[in-house]
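J.: The structure that follows is given in the form of structure tokens.
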Amino acid sequence: MSPFGAVSSCSRLCSGVWLLKPGMQKMSSLHTAARCGARDYYEVLVLGGGAGGIAMSARMKRKVGAENVAVVEPSKTHYYQPLWTLVGGGAKQLAASARPMGSVIPKGVEWIKSQVTALDPDKNCVWLENDVKVSYKYLIIALGISLHYEKIKGLPEGFNYPKIGSNYSVQTVEKTWRALQDFKEGNAIFTFPNTPVKCAGAPQKIMYLADAYLRKTGKRSKANIMFNTALGVIFGVKKYADALLEVIKDRDLTVNYKRNLIEVRADKQEAVFENLDKPGVTEVHQYEMLHVTPPMGPPAVLVNSPISDEGGWVDVDKQTLQHKKYPNVFGIGDCTNLPTSKTAAAVAAQSGVLDKTISLVMKNEMPVKKYDGYTSCPLVTGYNKVILAEFDYNAQPLETFPIDQSKERATMYHMKADMMPLLYWNALLK
């Protein structure tokens with residue numbers, strides 16, 4: 001998840017009945033709900049207070065006025081989650097990743113402190129907790145992705161034991177650092193699940209930090225560092241995969257492909273993996289440290305929703321981010337079925353395109369701005385090293401700088417660790 005999403009996307013992207021233009025008649029017709037009053041109708045309703053939701057609410061405030069925009073978000077705290085890789089590696093404090101939700105929601109925009117329980121796009125409304133109905137003219141869905149530790153037998157209760165952590169949850173990220181500090185000798189195992197995940201580089205970033213920490217503390221010779229991934233490749237873009245494989249070879253790290261974590265026996269410090277090439281065949285590994293990347297999926301409210309595809313992801317056009325069936329519904333970020341990596345950098349690029357899309361839709365015009373799938377992943381390979389991966393829908397490098405970004409660089413680490421948070425809080429969210 002990269003600040004370069006904000007940087008390079010800036011350079012590359014820079015009430016009544018809504019009538020469809022003739023050129024848009026392939027889309028379903030839009031039935032605009034009657035205006036009911038400030039508390040149950042908004043011109044723009046944003047679902048989700050993460051990176052995508054806050055960025056779009058800020059853009060919509062400038063477009064239609066703060067009083068016409070609302071954000072539905074139950075959480076009291078907004079987290080800058082890309083920092084958690086460094087928190088788990090002991091390089092940053094967890095508190096640095098947090099801000100009160102009220103401080104990031106644009107001034108004047110209504111914050112509805114509730115959870116979405118159902119969507120009814122045919123009637124242009126959503127249902128919240130306690131059977132509260134809110135209608136909209138335009139809907140932006142930015143609900144993120146859900147973590148499913150419970151799909152691994154023995155979790156999440158296994159986190160009550162030492163030696164196990166996960167950088168993907170605010171409750172468990174500091175346990176990663178504790179497990180790393182407490183390491184004595186044995187297997188240090190890092191996992192990647194058999195599902196889509198947010199920031200697909202993060203599961204191996206913590207492995208490289210662990211290697212660096214164990215070398216620094218003189219424990220590396222007593223450690224067998226193992227990356228068990230359900231995937232068949234180390235990274236989806238060949239240029240960066242080749243570079244990572246060199247790092248793995250140089251640092252004597254072990255990678256086991258097509259291995260999916262299915263059980264944690266935390267009391268015995270055992271991790272059970274299924275061999276995906278041989279269904280039903282399992283392997284048990286003893287661990288001295290275990291970092292779990294949980295299975296992930298769409299938020300429950302989207303599963304079997306009229307706005308979602310068969311997998312439960314918001315079904316949007318991959319170039320415009322407009323819903324394929326409902327022209328006044330839009331999606332951004334991890335909850336969508338966009339065929340690109342789920343990162344904050346992708347959200348930064350998507351927000352510029354979606355802003356243009358909504359502007360034209362509001363004028364009854366066809367969207368023309370096209371999202372090329374740009375995303376970025378700063379692959380942290382040490383406490384002062386990053387390989388900056390930037391690429392598009394076709395898994396082709398789409399780089400910002402006139403250098404070979406597949407090389408480990410200290411400058412890119414400082415961009416990730418120091419500049420990215422500043423860009424996030426002061427640029428992307430605003």
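Identifiers in this document derive from the order of the structure tokens: chains are assigned A, B, ..., residues are numbered from 1 separately in each chain, and ligands are numbered from 1 in order of occurrence.
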Under the rule of at most 8 Å, produce a per-residue listing of region 98-187 of chain A near region 298-309 of chain A: chain, number, name, the closest pair of atoms, and the distance in Å, as CSV, using only C-alpha atoms.
T.:
```
residue,atom,partner,partner_atom,distance
A:Val116,CA,A:Val301,CA,7.1
A:Thr117,CA,A:Val301,CA,5.9
A:Ala118,CA,A:Val301,CA,6.0
A:Leu119,CA,A:Ser305,CA,6.9
A:Asp120,CA,A:Pro306,CA,7.5
A:Pro121,CA,A:Ile307,CA,7.3
A:Leu143,CA,A:Pro299,CA,7.0
A:Gly144,CA,A:Pro299,CA,7.2
A:Ile145,CA,A:Pro298,CA,5.2
A:Ser146,CA,A:Pro299,CA,5.3
```
J.: Please report, as a ChimeraX atom specification, each residue of region 95-151 of chain A to which DSSP assigns alpha helix (DSSP H) when run on this structure's backbone.
T.: /A:101-104
J.: Could you write out that same residue set with N, CA and C atoms as a JSON list (two decimals), in the first residue's frame?
T.:
```
[["chain", "number", "residue", "atom", "x", "y", "z"],
["A", 101, "MET", "N", -12.33, 8.71, 14.27],
["A", 101, "MET", "CA", -13.09, 8.75, 13.02],
["A", 101, "MET", "C", -13.65, 10.15, 12.74],
["A", 102, "GLY", "N", -14.12, 10.80, 13.78],
["A", 102, "GLY", "CA", -14.70, 12.13, 13.59],
["A", 102, "GLY", "C", -13.71, 13.15, 13.05],
["A", 103, "SER", "N", -12.41, 12.90, 13.25],
["A", 103, "SER", "CA", -11.41, 13.86, 12.78],
["A", 103, "SER", "C", -11.09, 13.70, 11.29],
["A", 104, "VAL", "N", -11.43, 12.55, 10.70],
["A", 104, "VAL", "CA", -11.13, 12.34, 9.29],
["A", 104, "VAL", "C", -12.36, 12.52, 8.39]]
```
J.: Which residue gives the smallest distance to Val347 (chain A) among A:Leu244, A:Ile332, A:Val197, A:Ile164, with only C-alpha atoms counted?
T.: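 Between A:Leu244, A:Ile332, A:Val197, A:Ile164, the residue approaching Val347 (chain A) most closely is A:Ile332.
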J.: Report the closest atom pair, with its distance in Å rounded to one decimal, for each residue of region 113-204 of chain A that has an atom no farther than 10 Å from region 218-235 of chain A; count only C-alpha atoms, sort by chain and then rising residue number, and write it as a Markdown table.
T.:
```
| residue | atom | partner | partner_atom | distance |
| --- | --- | --- | --- | --- |
| A:Phe183 | CA | A:Lys219 | CA | 8.1 |
| A:Lys184 | CA | A:Lys219 | CA | 7.1 |
| A:Glu185 | CA | A:Lys222 | CA | 4.8 |
| A:Gly186 | CA | A:Ala223 | CA | 5.2 |
| A:Asn187 | CA | A:Asn224 | CA | 4.7 |
| A:Ala188 | CA | A:Ile225 | CA | 4.8 |
| A:Ile189 | CA | A:Met226 | CA | 4.8 |
| A:Phe190 | CA | A:Phe227 | CA | 4.8 |
| A:Thr191 | CA | A:Asn228 | CA | 5.0 |
| A:Phe192 | CA | A:Thr229 | CA | 4.5 |
| A:Pro193 | CA | A:Ala230 | CA | 5.5 |
| A:Asn194 | CA | A:Ala230 | CA | 5.1 |
| A:Thr195 | CA | A:Ala230 | CA | 8.5 |
| A:Ala200 | CA | A:Phe235 | CA | 8.3 |
| A:Gly201 | CA | A:Phe235 | CA | 7.6 |
| A:Pro203 | CA | A:Phe227 | CA | 8.6 |
| A:Gln204 | CA | A:Phe227 | CA | 7.2 |
```
J.: Between A:Gln322, A:Thr77, A:Gln396, A:Asn275, which one has atoms that come closest to Val170 (chain A), using only C-alpha atoms?
T.: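 When distances to Val170 (chain A) are compared using only C-alpha atoms, the smallest one comes from A:Thr77.
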J.: Residues near Phe330 (chain A), anyone? I mean within 7 Å using only C-alpha atoms, not counting same-chain ones fewer than 5 positions away, as a PDB file with all heavy atoms, in the first residue's frame.
T.:
```pdb
ATOM      1  N   LEU A 139     -25.228   6.374  -4.555  1.00  0.00           N
ATOM      2  CA  LEU A 139     -24.660   5.529  -3.506  1.00  0.00           C
ATOM      3  C   LEU A 139     -23.230   5.139  -3.860  1.00  0.00           C
ATOM      4  O   LEU A 139     -22.966   4.660  -4.965  1.00  0.00           O
ATOM      5  CB  LEU A 139     -25.500   4.260  -3.337  1.00  0.00           C
ATOM      6  CG  LEU A 139     -25.019   3.260  -2.273  1.00  0.00           C
ATOM      7  CD1 LEU A 139     -25.208   3.847  -0.873  1.00  0.00           C
ATOM      8  CD2 LEU A 139     -25.780   1.934  -2.396  1.00  0.00           C
ATOM      9  N   ILE A 140     -22.306   5.335  -2.922  1.00  0.00           N
ATOM     10  CA  ILE A 140     -20.915   4.911  -3.081  1.00  0.00           C
ATOM     11  C   ILE A 140     -20.626   3.844  -2.026  1.00  0.00           C
ATOM     12  O   ILE A 140     -20.752   4.097  -0.827  1.00  0.00           O
ATOM     13  CB  ILE A 140     -19.938   6.090  -2.916  1.00  0.00           C
ATOM     14  CG1 ILE A 140     -20.217   7.161  -3.982  1.00  0.00           C
ATOM     15  CG2 ILE A 140     -18.493   5.604  -3.019  1.00  0.00           C
ATOM     16  CD1 ILE A 140     -19.407   8.437  -3.798  1.00  0.00           C
ATOM     17  N   ILE A 141     -20.249   2.667  -2.488  1.00  0.00           N
ATOM     18  CA  ILE A 141     -20.001   1.551  -1.580  1.00  0.00           C
ATOM     19  C   ILE A 141     -18.496   1.384  -1.396  1.00  0.00           C
ATOM     20  O   ILE A 141     -17.764   1.138  -2.356  1.00  0.00           O
ATOM     21  CB  ILE A 141     -20.624   0.253  -2.118  1.00  0.00           C
ATOM     22  CG1 ILE A 141     -22.123   0.465  -2.373  1.00  0.00           C
ATOM     23  CG2 ILE A 141     -20.419  -0.893  -1.120  1.00  0.00           C
ATOM     24  CD1 ILE A 141     -22.777  -0.684  -3.114  1.00  0.00           C
ATOM     25  N   VAL A 316     -18.806  -3.864 -10.345  1.00  0.00           N
ATOM     26  CA  VAL A 316     -18.636  -2.583 -11.024  1.00  0.00           C
ATOM     27  C   VAL A 316     -17.878  -2.745 -12.334  1.00  0.00           C
ATOM     28  O   VAL A 316     -17.159  -3.724 -12.552  1.00  0.00           O
ATOM     29  CB  VAL A 316     -17.887  -1.566 -10.133  1.00  0.00           C
ATOM     30  CG1 VAL A 316     -18.713  -1.211  -8.920  1.00  0.00           C
ATOM     31  CG2 VAL A 316     -16.515  -2.081  -9.732  1.00  0.00           C
ATOM     32  N   LEU A 321     -15.834   2.237 -12.584  1.00  0.00           N
ATOM     33  CA  LEU A 321     -16.241   1.984 -11.208  1.00  0.00           C
ATOM     34  C   LEU A 321     -17.734   2.216 -10.967  1.00  0.00           C
ATOM     35  O   LEU A 321     -18.195   2.257  -9.833  1.00  0.00           O
ATOM     36  CB  LEU A 321     -15.403   2.789 -10.201  1.00  0.00           C
ATOM     37  CG  LEU A 321     -14.001   2.255  -9.914  1.00  0.00           C
ATOM     38  CD1 LEU A 321     -13.075   2.397 -11.107  1.00  0.00           C
ATOM     39  CD2 LEU A 321     -13.405   2.932  -8.698  1.00  0.00           C
ATOM     40  N   GLN A 322     -18.478   2.364 -12.067  1.00  0.00           N
ATOM     41  CA  GLN A 322     -19.935   2.465 -11.981  1.00  0.00           C
ATOM     42  C   GLN A 322     -20.513   1.049 -11.947  1.00  0.00           C
ATOM     43  O   GLN A 322     -19.999   0.142 -12.599  1.00  0.00           O
ATOM     44  CB  GLN A 322     -20.482   3.219 -13.192  1.00  0.00           C
ATOM     45  CG  GLN A 322     -21.983   3.462 -13.161  1.00  0.00           C
ATOM     46  CD  GLN A 322     -22.450   4.269 -14.370  1.00  0.00           C
ATOM     47  OE1 GLN A 322     -21.902   4.118 -15.467  1.00  0.00           O
ATOM     48  NE2 GLN A 322     -23.424   5.131 -14.178  1.00  0.00           N
ATOM     49  N   HIS A 323     -21.578   0.870 -11.168  1.00  0.00           N
ATOM     50  CA  HIS A 323     -22.193  -0.449 -11.080  1.00  0.00           C
ATOM     51  C   HIS A 323     -22.711  -0.886 -12.440  1.00  0.00           C
ATOM     52  O   HIS A 323     -23.199  -0.072 -13.234  1.00  0.00           O
ATOM     53  CB  HIS A 323     -23.341  -0.442 -10.061  1.00  0.00           C
ATOM     54  CG  HIS A 323     -23.769  -1.813  -9.660  1.00  0.00           C
ATOM     55  ND1 HIS A 323     -24.711  -2.530 -10.355  1.00  0.00           N
ATOM     56  CD2 HIS A 323     -23.345  -2.612  -8.655  1.00  0.00           C
ATOM     57  CE1 HIS A 323     -24.870  -3.714  -9.787  1.00  0.00           C
ATOM     58  NE2 HIS A 323     -24.052  -3.790  -8.745  1.00  0.00           N
TER      59      HIS A 323
END
```
J.: What's around Ala202 (chain A) at 9 Å? Count only C-alpha atoms, leave out sequence neighbours fewer than 2 positions away in its own chain, and write the answer as a list of chain:residue names.
T.: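 Near neighbours after the sequence-gap exclusion: A:Met1, A:Pro82, A:Thr85, A:Asn167, A:Tyr168, A:Lys198, A:Cys199, A:Ala200, A:Gln204, A:Lys205, A:Ile206, A:Met207, A:Thr293, A:Cys377, A:Leu379, A:Val380.
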J.: Check which residues of region 339-412 of chain A sit at most 12 Å from region 245-256 of chain A using only C-alpha atoms, and return one row each with the closest pair of atoms and their distance in Å to one decimal, ordered by chain and rising number, as a tab-separated table.
T.:
```
residue	atom	partner	partner_atom	distance
A:Leu379	CA	A:Val247	CA	11.3
A:Val380	CA	A:Val247	CA	11.2
A:Thr381	CA	A:Val247	CA	8.0
A:Gly382	CA	A:Val247	CA	10.4
A:Lys385	CA	A:Val247	CA	11.2
A:Val386	CA	A:Val247	CA	11.3
A:Ile387	CA	A:Val247	CA	10.4
A:Ser406	CA	A:Glu246	CA	10.8
A:Lys407	CA	A:Val247	CA	10.1
A:Glu408	CA	A:Val247	CA	9.2
```
J.: Mind dumping the selected residues with C-alpha atoms as a PDB file, in the first residue's frame?
T.:
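Saved result, out-v4.pdb, follows:
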```
ATOM      1  CA  LEU A 379       7.636  -4.558  -0.690  1.00  0.00           C
ATOM      2  CA  VAL A 380       9.504  -4.021   2.560  1.00  0.00           C
ATOM      3  CA  THR A 381      12.536  -6.326   2.489  1.00  0.00           C
ATOM      4  CA  GLY A 382      14.332  -4.950   5.561  1.00  0.00           C
ATOM      5  CA  LYS A 385      14.927  -1.523   2.180  1.00  0.00           C
ATOM      6  CA  VAL A 386      11.919  -1.506  -0.143  1.00  0.00           C
ATOM      7  CA  ILE A 387      11.243  -2.827  -3.633  1.00  0.00           C
ATOM      8  CA  SER A 406      12.775  -3.836  -8.644  1.00  0.00           C
ATOM      9  CA  LYS A 407      15.993  -2.967  -6.768  1.00  0.00           C
ATOM     10  CA  GLU A 408      15.975  -2.672  -2.974  1.00  0.00           C
TER      11      GLU A 408
END
```
J.: If you run DSSP on the backbone, which residues of region 249-278 of chain A are strand (DSSP E or B), as a JSON list (two decimals) with N, CA, C and O atoms, in the first residue's frame?
T.:
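Output below, filename out13.json:
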```
[["chain", "number", "residue", "atom", "x", "y", "z"],
["A", 254, "THR", "N", 12.86, -20.17, 3.14],
["A", 254, "THR", "CA", 12.20, -21.31, 2.51],
["A", 254, "THR", "C", 10.78, -20.91, 2.09],
["A", 254, "THR", "O", 10.03, -20.36, 2.91],
["A", 255, "VAL", "N", 10.43, -21.18, 0.84],
["A", 255, "VAL", "CA", 9.08, -20.92, 0.35],
["A", 255, "VAL", "C", 8.44, -22.23, -0.05],
["A", 255, "VAL", "O", 9.00, -23.00, -0.84],
["A", 256, "ASN", "N", 7.27, -22.50, 0.51],
["A", 256, "ASN", "CA", 6.48, -23.67, 0.15],
["A", 256, "ASN", "C", 5.19, -23.20, -0.51],
["A", 256, "ASN", "O", 4.36, -22.54, 0.14],
["A", 259, "ARG", "N", 0.40, -24.20, -0.15],
["A", 259, "ARG", "CA", 0.20, -24.67, 1.22],
["A", 259, "ARG", "C", -0.74, -23.70, 1.91],
["A", 259, "ARG", "O", -0.43, -22.51, 2.05],
["A", 260, "ASN", "N", -1.89, -24.20, 2.36],
["A", 260, "ASN", "CA", -2.92, -23.36, 2.95],
["A", 260, "ASN", "C", -3.12, -23.70, 4.42],
["A", 260, "ASN", "O", -3.38, -24.86, 4.77],
["A", 261, "LEU", "N", -2.99, -22.71, 5.29],
["A", 261, "LEU", "CA", -3.17, -22.93, 6.73],
["A", 261, "LEU", "C", -4.63, -23.25, 7.04],
["A", 261, "LEU", "O", -5.52, -22.47, 6.74],
["A", 262, "ILE", "N", -4.86, -24.41, 7.66],
["A", 262, "ILE", "CA", -6.25, -24.81, 7.98],
["A", 262, "ILE", "C", -6.48, -24.98, 9.48],
["A", 262, "ILE", "O", -7.63, -25.01, 9.92],
["A", 263, "GLU", "N", -5.40, -25.08, 10.27],
["A", 263, "GLU", "CA", -5.58, -25.26, 11.71],
["A", 263, "GLU", "C", -4.37, -24.76, 12.46],
["A", 263, "GLU", "O", -3.23, -24.89, 12.00],
["A", 264, "VAL", "N", -4.62, -24.16, 13.63],
["A", 264, "VAL", "CA", -3.55, -23.76, 14.54],
["A", 264, "VAL", "C", -3.81, -24.43, 15.88],
["A", 264, "VAL", "O", -4.88, -24.27, 16.47],
["A", 265, "ARG", "N", -2.83, -25.21, 16.34],
["A", 265, "ARG", "CA", -2.90, -25.83, 17.67],
["A", 265, "ARG", "C", -1.96, -25.03, 18.57],
["A", 265, "ARG", "O", -0.82, -25.41, 18.81],
["A", 270, "GLU", "N", 1.68, -25.77, 17.02],
["A", 270, "GLU", "CA", 1.65, -26.50, 15.76],
["A", 270, "GLU", "C", 0.73, -25.82, 14.76],
["A", 270, "GLU", "O", -0.35, -25.34, 15.11],
["A", 271, "ALA", "N", 1.18, -25.76, 13.50],
["A", 271, "ALA", "CA", 0.38, -25.21, 12.41],
["A", 271, "ALA", "C", 0.14, -26.31, 11.38],
["A", 271, "ALA", "O", 1.09, -27.01, 11.00],
["A", 272, "VAL", "N", -1.12, -26.46, 10.96],
["A", 272, "VAL", "CA", -1.49, -27.53, 10.03],
["A", 272, "VAL", "C", -1.82, -26.91, 8.68],
["A", 272, "VAL", "O", -2.67, -26.01, 8.58],
["A", 273, "PHE", "N", -1.17, -27.41, 7.63],
["A", 273, "PHE", "CA", -1.38, -26.89, 6.28],
["A", 273, "PHE", "C", -1.91, -27.98, 5.37],
["A", 273, "PHE", "O", -1.49, -29.14, 5.46],
["A", 274, "GLU", "N", -2.82, -27.58, 4.49],
["A", 274, "GLU", "CA", -3.27, -28.50, 3.45],
["A", 274, "GLU", "C", -2.44, -28.28, 2.19],
["A", 274, "GLU", "O", -2.16, -27.13, 1.81],
["A", 275, "ASN", "N", -2.05, -29.36, 1.54],
["A", 275, "ASN", "CA", -1.35, -29.29, 0.26],
["A", 275, "ASN", "C", -2.41, -29.15, -0.83],
["A", 275, "ASN", "O", -3.14, -30.09, -1.12]]
```
J.: To one decimal place, how far is CA of Asn130 (chain A) from CA of Cys335 (chain A) in Å?
T.: 24.0 Å
